[in-house]
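Dumped entry-v4.cif below, it's mmCIF, C-alpha atoms:
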data_entry
#
loop_
_atom_site.label_atom_id
_atom_site.label_comp_id
_atom_site.auth_asym_id
_atom_site.auth_seq_id
_atom_site.Cartn_x
_atom_site.Cartn_y
_atom_site.Cartn_z
CA MET A 977 0.00 0.00 0.00
CA LYS A 978 1.45 3.33 -1.00
CA HIS A 979 1.18 6.32 1.34
CA GLY A 980 2.74 9.46 -0.08
CA ASP A 981 6.17 8.50 -1.38
CA ASN A 982 6.46 5.45 0.91
CA TYR A 983 5.13 1.93 0.80
CA VAL A 984 3.44 0.59 3.91
CA THR A 985 3.85 -3.15 4.41
CA GLU A 986 3.05 -3.73 8.08
CA ASN A 987 -0.55 -4.79 8.77
CA LYS A 988 -0.90 -2.45 11.77
CA SER A 989 0.35 0.50 9.74
CA LYS A 990 -2.09 -0.32 6.96
CA ALA A 991 -4.93 -0.54 9.48
CA ASP A 992 -3.90 2.80 10.98
CA LEU A 993 -3.93 4.40 7.52
CA PHE A 994 -7.40 3.03 6.77
CA ASN A 995 -8.59 4.21 10.18
CA SER A 996 -7.19 7.71 9.58
CA PHE A 997 -8.78 7.86 6.15
CA PHE A 998 -12.24 6.86 7.37
CA LEU A 999 -12.02 9.09 10.43
CA SER A 1000 -11.16 12.05 8.22
CA HIS A 1001 -14.41 11.43 6.30
CA SER A 1002 -16.55 10.98 9.41
CA ASN A 1003 -18.87 13.60 10.79
CA ILE A 1004 -19.76 11.71 13.96
CA ASP A 1005 -19.49 13.76 17.15
CA ALA A 1006 -17.52 11.49 19.50
CA SER A 1007 -16.79 14.19 22.08
CA ASN A 1008 -19.03 12.48 24.67
CA ALA A 1009 -18.14 8.93 23.66
CA HIS A 1010 -16.24 6.60 25.96
CA LEU A 1011 -15.09 3.02 25.79
CA PRO A 1012 -16.52 0.63 28.36
CA GLY A 1013 -14.17 -0.29 31.16
CA ASN A 1014 -13.21 -3.79 32.20
CA GLU A 1015 -15.97 -3.76 34.80
CA ASP A 1016 -18.49 -4.11 31.94
CA VAL A 1017 -16.92 -7.36 30.76
CA ASN A 1018 -18.45 -10.54 32.10
CA PRO A 1019 -15.56 -13.04 32.44
CA ALA A 1020 -18.06 -15.91 32.50
CA VAL A 1021 -19.09 -15.16 28.93
CA VAL A 1022 -16.26 -16.48 26.80
CA LEU A 1023 -16.14 -18.52 23.63
CA ASP A 1024 -15.55 -21.83 25.40
CA SER A 1025 -18.84 -21.41 27.29
CA ILE A 1026 -20.83 -21.26 24.03
CA VAL A 1027 -22.13 -24.58 22.77
CA ALA A 1028 -23.73 -25.02 19.38
CA THR A 1029 -26.42 -27.67 19.10
CA GLU A 1030 -27.23 -29.72 16.03
CA SER A 1031 -30.57 -27.95 15.98
CA ASP A 1032 -28.79 -24.55 15.89
CA VAL A 1033 -26.59 -25.62 12.99
CA LYS A 1034 -29.49 -27.18 11.09
CA ASP A 1035 -31.54 -23.99 11.51
CA LEU A 1036 -28.65 -21.92 10.14
CA ILE A 1037 -28.25 -24.21 7.15
CA LYS A 1038 -32.01 -24.03 6.50
CA SER A 1039 -31.76 -20.22 6.42
CA ILE A 1040 -29.18 -20.27 3.60
CA ASP A 1041 -30.50 -18.85 0.34
CA PRO A 1042 -29.96 -21.61 -2.25
CA SER A 1043 -29.93 -19.10 -5.10
CA LYS A 1044 -26.71 -17.47 -3.84
CA ALA A 1045 -23.30 -18.18 -5.36
CA THR A 1046 -20.88 -20.71 -3.93
CA GLY A 1047 -18.37 -19.58 -1.35
CA PRO A 1048 -14.58 -19.87 -1.54
CA ASP A 1049 -14.88 -23.58 -0.74
CA GLY A 1050 -16.81 -24.17 -3.98
CA ILE A 1051 -19.75 -25.80 -2.16
CA SER A 1052 -23.11 -24.56 -3.40
CA PRO A 1053 -25.71 -23.43 -0.86
CA ARG A 1054 -28.15 -25.87 -2.45
CA LEU A 1055 -25.78 -28.78 -1.80
CA LEU A 1056 -25.33 -27.68 1.84
CA LYS A 1057 -29.10 -27.66 2.32
CA GLU A 1058 -29.60 -31.01 0.60
CA ALA A 1059 -26.76 -32.65 2.56
CA SER A 1060 -27.64 -31.05 5.89
CA ASP A 1061 -28.80 -34.28 7.58
CA ALA A 1062 -25.47 -35.91 6.77
CA ILE A 1063 -23.17 -32.99 7.62
CA VAL A 1064 -24.85 -31.37 10.63
CA PRO A 1065 -23.39 -33.74 13.29
CA SER A 1066 -19.80 -33.34 12.03
CA LEU A 1067 -20.18 -29.62 11.42
CA THR A 1068 -21.58 -29.14 14.94
CA ARG A 1069 -18.64 -31.02 16.47
CA LEU A 1070 -16.21 -28.93 14.42
CA ILE A 1071 -17.85 -25.65 15.48
CA ASN A 1072 -17.85 -26.68 19.16
CA LEU A 1073 -14.21 -27.77 18.98
CA SER A 1074 -13.31 -24.41 17.45
CA LEU A 1075 -15.16 -22.57 20.22
CA SER A 1076 -13.75 -24.67 23.07
CA CYS A 1077 -10.18 -24.27 21.78
CA ALA A 1078 -10.78 -20.57 20.99
CA LYS A 1079 -9.24 -21.14 17.56
CA VAL A 1080 -10.79 -20.43 14.20
CA PRO A 1081 -9.43 -22.26 11.16
CA GLU A 1082 -7.61 -19.82 8.89
CA SER A 1083 -9.88 -20.74 5.96
CA TRP A 1084 -12.95 -19.63 7.99
CA LYS A 1085 -11.63 -16.10 8.52
#

Could you write out this structure as structure tokens?
Amino acid sequence: MKHGDNYVTENKSKADLFNSFFLSHSNIDASNAHLPGNEDVNPAVVLDSIVATESDVKDLIKSIDPSKATGPDGISPRLLKEASDAIVPSLTRLINLSLSCAKVPESWK
């Protein structure tokens, strides 16, 4: 990414440049805004305390619009819906493992 006469290669620097750009085009009055303190964070609510059920996953798959294009994995939404009974148990286990380990596969990001 080029900034002036220099190239920015560090991710944080790129993010800072994007932030500066969008802030310079913002007209939001943040003079009374404040970030919540740590006292507002409930330590009991963390990713490893979330559990997806097969019913949750099935409901999400049912809500997929089959007329949409395939994702980066090349799997069509229609195929996901049609195969839902076969894939929901494994997909649910995978989601729960990801949550309990607090790790998201790179390809999901």

With all atoms of range 1054-1070 of chain A from the file as input, state the centre and edge lengths in Å to one decimal of the axis-aligned box that has 4 Å extra on each side, as JSON.
{"center_x": -22.9, "center_y": -30.9, "center_z": 7.0, "size_x": 21.4, "size_y": 18.0, "size_z": 26.9}

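Of note, CA of Leu1070 in chain A and CA of Val1027 in chain A are spaced 11.1 Å apart.
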
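Coordinates place CA of Phe994 in chain A at a distance of 10.7 Å from CA of His979 in chain A.
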
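Our summary of the geometry notes that CA of Lys978 in chain A is positioned 25.3 Å from CA of Lys1085 in chain A.
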
Please write the residues picked by the PyMOL selection byres ((chain A and resi 1054) around 8) on this file as a PyMOL selection string.
chain A and resi 1041-1043+1052-1053+1055-1058

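The smallest atom-to-atom distance between Val1064 in chain A and any of A:Ile1026, A:Met977, A:Leu1011, A:Ile1037, using only C-alpha atoms, is found for A:Ile1037.
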
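If you apply the PyMOL selection byres ((chain A and resi 1065) around 12) to this structure, you end up with A:Ala1028, A:Thr1029, A:Glu1030, A:Ser1031, A:Asp1032, A:Val1033, A:Lys1034, A:Ala1059, A:Ser1060, A:Asp1061, A:Ala1062, A:Ile1063, A:Val1064, A:Ser1066, A:Leu1067, A:Thr1068, A:Arg1069, A:Leu1070, A:Ile1071, A:Asn1072.
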